[in-house]
Amino acid sequence: PPVPPRTHFTAEELRLSYSPPQSFTPRTAPDSWLYFVTDREEAHHLLHSGLHLTRKAPLLLTERNGVCAWLEKMAEDPAGPAAFPCVLRLRRTMVADMLEPDPDHSAEFSAECYLLSGATHEQDR
């Protein structure tokens, strides 16, 4: 029988954790983590309740070397959380089969970016 799409991960499953924004540079090499930038309130919520995944609102993730561009983009947005951005990271291996390439953000950030919706590649076949 087909496996239903994954819709939730706990923070512990993903080893979801905070990474200091000042520790990133544009030339940082990719590592075994994927990153996303958000505000303090959302970061706190995710660290306590985990990630809820949906195809309608996939989570944008980037390689380590894309974080600086993401932070810069947020700083340019007057409605964004530029004053207190938070960088969260999660284990790539836990979501590898659910990642979809995001060519638009990859070009914008000059780093590989992905969308995480909860569906696996096997479900799309």
# chains A, B, ... in the order shown; residues from 1 in each chain; ligands from 1
call {"tool": "residues_around", "arguments": {"residues": "range 107-112 of chain A", "least_positions_apart": "4", "cutoff": "7 Å", "atoms": "only C-alpha atoms", "output": "list of chain:residue names"}}
result
A:Thr62, A:Glu63, A:Asn65, A:Gly66, A:Ala69, A:Trp70, A:Pro103
call {"tool": "select_by_dssp", "arguments": {"residues": "range 6-96 of chain A", "states": "helix (DSSP H, G or I)", "output": "PyMOL selection string"}}
result
chain A and resi 11-14+21-23+40-49+64-76+92-96
call {"tool": "atom_distance", "arguments": {"atom1": "CA of Ser17 in chain A", "atom2": "CA of His44 in chain A"}}
result
10.2 Å
call {"tool": "select_by_dssp", "arguments": {"residues": "range 54-125 of chain A", "states": "strand (DSSP E)", "output": "list in words"}}
result
Leu59, Leu60, Leu61, Thr62, Pro85, Cys86, Val87, Leu88, Arg89, Leu90, Arg91, Leu99, Glu100, Pro101, Cys113, Tyr114, Leu115 and Leu116 of chain A
call {"tool": "atom_distance", "arguments": {"atom1": "CA of Leu61 in chain A", "atom2": "CA of Pro4 in chain A"}}
result
22.4 Å
call {"tool": "atom_distance", "arguments": {"atom1": "CA of Gln22 in chain A", "atom2": "CA of Cys113 in chain A"}}
result
20.1 Å
call {"tool": "residues_around", "arguments": {"residues": "range 82-99 of chain A", "least_positions_apart": "4", "cutoff": "10 Å", "atoms": "only C-alpha atoms", "output": "PyMOL selection string"}}
result
chain A and resi 5-6+9+11-22+24+31-44+46-47+58-64+67+70-78+113-123
call {"tool": "closest_residue", "arguments": {"among": "A:Thr10, A:Cys68, A:His52, A:Ser106", "to": "Pro26 in chain A", "atoms": "only C-alpha atoms"}}
result
A:Cys68
